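To start, the structure itself, in structure tokens.
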Amino acid sequence: MIYNIEFETLPREALEAIQLRRLQATVQRVYATVPFYRKQFDEAGISPGDIRALKDLQRLPFTTKQDLRDNYPFGMFAVPMDNVVRIHASSGTTGKPTVVGYTARDIDTWSELMARALVAGGASRGDIIHNAYGYGLFTGGLGIHYGAERLGASVIPISGGNTKRQILIMKDFGPTILTCTPSYALHLAEVAAENGIGFEDLKFKSGIFGAEPWSQNMRDEIERKLHLNAIDIYGLSEVIGPGVSIECLEAKSGLHIFEDHFIPEVIDPQTGEVLPYGEMGELVFTSITKEAFPIIRYRTRDVTSLNADPCICGRTHVRMHRVTGRTDDMLIIRGVNVFPSQIESVLMEMRWVEPHYQLVVDRVDNLDILTVMVEVGEQTFSDEVRKLQDLEKKISKNIKEYLGVSAKVTLVEPKSIPRSEGKAQRVIDKRKF
Ligand code: DLL
């Protein structure tokens, strides 16, 4: 099903005509209202009138997270505070949060995009949506909430946490769509099982999971444990929040980017050069309809590629490959680039291993040491020591084989890796740079 058939299936030419018109208007507006952009454009020797074709976008300078920090909190807003009706922020791991604002029309746009996303993931008016993304400054909770209401579905604004109560509500209210991070979905399944409830007895059809990277193998695991279609949703506060792109239920292969609102590019993170479709690089977004917080060529740090092949669902918007990691959480272990999601992939292919893991990186005698801590099931953990050692060796061998990096594998007791209600912390880097 498609929520907005007119815009989601626009022929390329018509879509690009809309993009160009909207891009030109956005560039004019930010130049006139945001001192940061005026300075950036002036320094690059480019004026809004120079944007005559879509490819002229490439002449505009990039915007980075540091630029947002330098303009903390409201310096990048393009409208007076009188017109801002909502503020969100993303905490990040270091430094000041990134602050974003929305006008009433921005909230309206976002709700429409989230309604589109929910429908792409298998939801319709008749559904009950159990929304376990956190409500608050994080965009997950309220973003999904407004989309669900726009769609006309019933939303349970449960937010994150109090997992036992969530299970009770799932059992009693019979929700049909689950929305939360993929790591929390697995935690929910675990707590349900502890309380004698199997997901096969619940009514879920789809789960719409995102806000953190997860692998295809993790999807298989979630679908097996939760008995639902696990759909990948992507977004970031700086661009709007959740609802920048989503997989369709029909193909589950790449996330359609709502291109009538955002223009994606993939660049070489070292040189900044725009890469052709199909090549992996850093994702960059320009918003073309936002009022309060428009953003030009924002470097997301997320690693992906774009795919313009036609999709069986009928949507014409390009698809991005699932995000494999971030340029800034890529680990460099003795010179080898490794993303946590690649290790996850190897782990999830092994029998006996649970989808709960953490990577610890340390430097001993100037040498990087990667330790992979991964849980095994109750049964396996009580097996003989030799069996466990064999399993550790096997995992270590596979990691070496697939990723070319040596890792020490430590199997740990069930439930000993901390569970998260939001984004999971996969990496502990103890190295000092
Ligand atoms: O995480 C928005 C969101 C909420 C998306 C709910 C999906 C569902 P931020 O807190 O600003 O916004 O974090 C954005 O999270 O740059 C990615 O690195 C990561 N991320 C988000 N979705 C995915 C995904 C929300 N599906 C940052 N796969 C982004 C991989 C994701 N990474």
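Chain lettering (A, B, ...) mirrors the order of the structure tokens, residue numbering begins at 1 for each chain separately, and ligand numbering begins at 1 in order of display.
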Taking only C-alpha atoms and all ligand atoms into account, produce a table as a Markdown table in which each residue of chain A with an atom at most 8 Å from an atom of ligand 1 appears once, together with its shortest atom pair and the distance in Å to one decimal, ordered by chain and rising number.
| residue | atom | partner | partner_atom_place_in_ligand_line | distance |
| --- | --- | --- | --- | --- |
| A:Ala89 | CA | ligand 1 | 11 (O) | 7.5 |
| A:Ser90 | CA | ligand 1 | 10 (O) | 5.0 |
| A:Ser91 | CA | ligand 1 | 10 (O) | 7.2 |
| A:Gly92 | CA | ligand 1 | 10 (O) | 7.3 |
| A:Tyr133 | CA | ligand 1 | 6 (C) | 6.6 |
| A:Phe138 | CA | ligand 1 | 10 (O) | 6.0 |
| A:Thr139 | CA | ligand 1 | 2 (C) | 5.7 |
| A:Gly140 | CA | ligand 1 | 4 (C) | 3.7 |
| A:Gly141 | CA | ligand 1 | 6 (C) | 7.3 |
| A:Gly143 | CA | ligand 1 | 4 (C) | 7.5 |
| A:Ile144 | CA | ligand 1 | 6 (C) | 7.5 |
| A:Cys180 | CA | ligand 1 | 6 (C) | 7.1 |
| A:Thr181 | CA | ligand 1 | 8 (C) | 6.9 |
| A:Ile208 | CA | ligand 1 | 8 (C) | 7.9 |
| A:Phe209 | CA | ligand 1 | 8 (C) | 6.2 |
| A:Gly210 | CA | ligand 1 | 26 (N) | 3.8 |
| A:Ala211 | CA | ligand 1 | 21 (C) | 3.3 |
| A:Glu212 | CA | ligand 1 | 32 (N) | 3.8 |
| A:Pro213 | CA | ligand 1 | 30 (C) | 3.3 |
| A:Trp214 | CA | ligand 1 | 28 (N) | 6.2 |
| A:Asp232 | CA | ligand 1 | 26 (N) | 5.2 |
| A:Ile233 | CA | ligand 1 | 26 (N) | 4.5 |
| A:Tyr234 | CA | ligand 1 | 22 (N) | 3.7 |
| A:Gly235 | CA | ligand 1 | 5 (C) | 4.1 |
| A:Leu236 | CA | ligand 1 | 12 (O) | 3.6 |
| A:Ser237 | CA | ligand 1 | 11 (O) | 3.9 |
| A:Glu238 | CA | ligand 1 | 11 (O) | 6.3 |
| A:Gly241 | CA | ligand 1 | 2 (C) | 4.5 |
| A:Pro242 | CA | ligand 1 | 5 (C) | 3.9 |
| A:Gly243 | CA | ligand 1 | 7 (C) | 7.0 |
| A:Ile246 | CA | ligand 1 | 26 (N) | 7.9 |
| A:Thr300 | CA | ligand 1 | 16 (O) | 5.5 |
| A:Arg301 | CA | ligand 1 | 16 (O) | 6.7 |
| A:Asp302 | CA | ligand 1 | 18 (O) | 5.4 |
| A:Arg322 | CA | ligand 1 | 28 (N) | 6.2 |
| A:Val323 | CA | ligand 1 | 30 (C) | 4.7 |
| A:Thr324 | CA | ligand 1 | 30 (C) | 6.8 |
| A:Gly325 | CA | ligand 1 | 30 (C) | 6.8 |
| A:Arg326 | CA | ligand 1 | 18 (O) | 6.0 |
(message) Write out as a PyMOL selection string the set of residues from range 191-372 of chain A that DSSP, computed on the backbone, places in strand (DSSP E).
(response) chain A and resi 206-210+229-236+241-247+255-257+262-267+281-287+298-304+306-307+319-320+325-326+331-333+336-338+353-364+367-372
(request) Write out as a list of chain:residue names each polymer residue whose atoms come within 8 Å of Ser124 in chain A, counting only C-alpha atoms; drop sequence neighbours fewer than 4 positions from it. (result) A:Leu118, A:Val119, A:Leu151, A:Gly152, A:Ala153
Write the residues of the selection above to a file with N, CA, C and O atoms, as a PDB file, in the first residue's frame.
ATOM      1  N   LEU A 118       4.818   4.622   7.839  1.00  0.00           N
ATOM      2  CA  LEU A 118       4.080   3.566   8.544  1.00  0.00           C
ATOM      3  C   LEU A 118       3.340   2.678   7.537  1.00  0.00           C
ATOM      4  O   LEU A 118       3.345   1.445   7.660  1.00  0.00           O
ATOM      5  N   VAL A 119       2.754   3.309   6.531  1.00  0.00           N
ATOM      6  CA  VAL A 119       2.026   2.532   5.514  1.00  0.00           C
ATOM      7  C   VAL A 119       3.009   1.656   4.722  1.00  0.00           C
ATOM      8  O   VAL A 119       2.742   0.474   4.468  1.00  0.00           O
ATOM      9  N   LEU A 151      -2.277   9.089  10.073  1.00  0.00           N
ATOM     10  CA  LEU A 151      -2.775   7.935   9.336  1.00  0.00           C
ATOM     11  C   LEU A 151      -4.179   7.553   9.802  1.00  0.00           C
ATOM     12  O   LEU A 151      -4.975   7.006   9.043  1.00  0.00           O
ATOM     13  N   GLY A 152      -4.467   7.845  11.067  1.00  0.00           N
ATOM     14  CA  GLY A 152      -5.770   7.475  11.613  1.00  0.00           C
ATOM     15  C   GLY A 152      -5.720   6.147  12.354  1.00  0.00           C
ATOM     16  O   GLY A 152      -6.745   5.561  12.698  1.00  0.00           O
ATOM     17  N   ALA A 153      -4.496   5.664  12.612  1.00  0.00           N
ATOM     18  CA  ALA A 153      -4.338   4.437  13.404  1.00  0.00           C
ATOM     19  C   ALA A 153      -4.491   4.802  14.885  1.00  0.00           C
ATOM     20  O   ALA A 153      -4.522   5.971  15.239  1.00  0.00           O
TER      21      ALA A 153
END
(message) So that I can see what lies close to Leu54 in chain A, please list as a list of chain:residue names the residues with an atom at most 8 Å from it, counting only C-alpha atoms and leaving out residues fewer than 2 positions away in the same chain.
(response) A:Glu16, A:Gln19, A:Leu20, A:Ile51, A:Arg52, A:Asp56, A:Leu57
(request) Considering only C-alpha atoms, return as a ChimeraX atom specification whatever protein or nucleic-acid residues lie within 10 Å of Glu265 in chain A, sequence-local ones (same chain, fewer than 3 positions apart) excluded. (result) /A:57-58,262,273-277,281-286,297-299,305-306
(message) With distances taken over only C-alpha atoms, which residue among A:His145, A:Arg29, A:Arg431, A:His321 lies nearest Ser215 in chain A?
(response) A:His321
(request) Compile the contact shell of Ser47 in chain A as a list in words: residues with an atom at most 9 Å away, counting only C-alpha atoms, same-chain residues fewer than 6 positions apart removed. (result)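 Final neighbour list, sorted by chain and number: Val27, Gln28, Tyr31, Arg38 and Phe41 of chain A.
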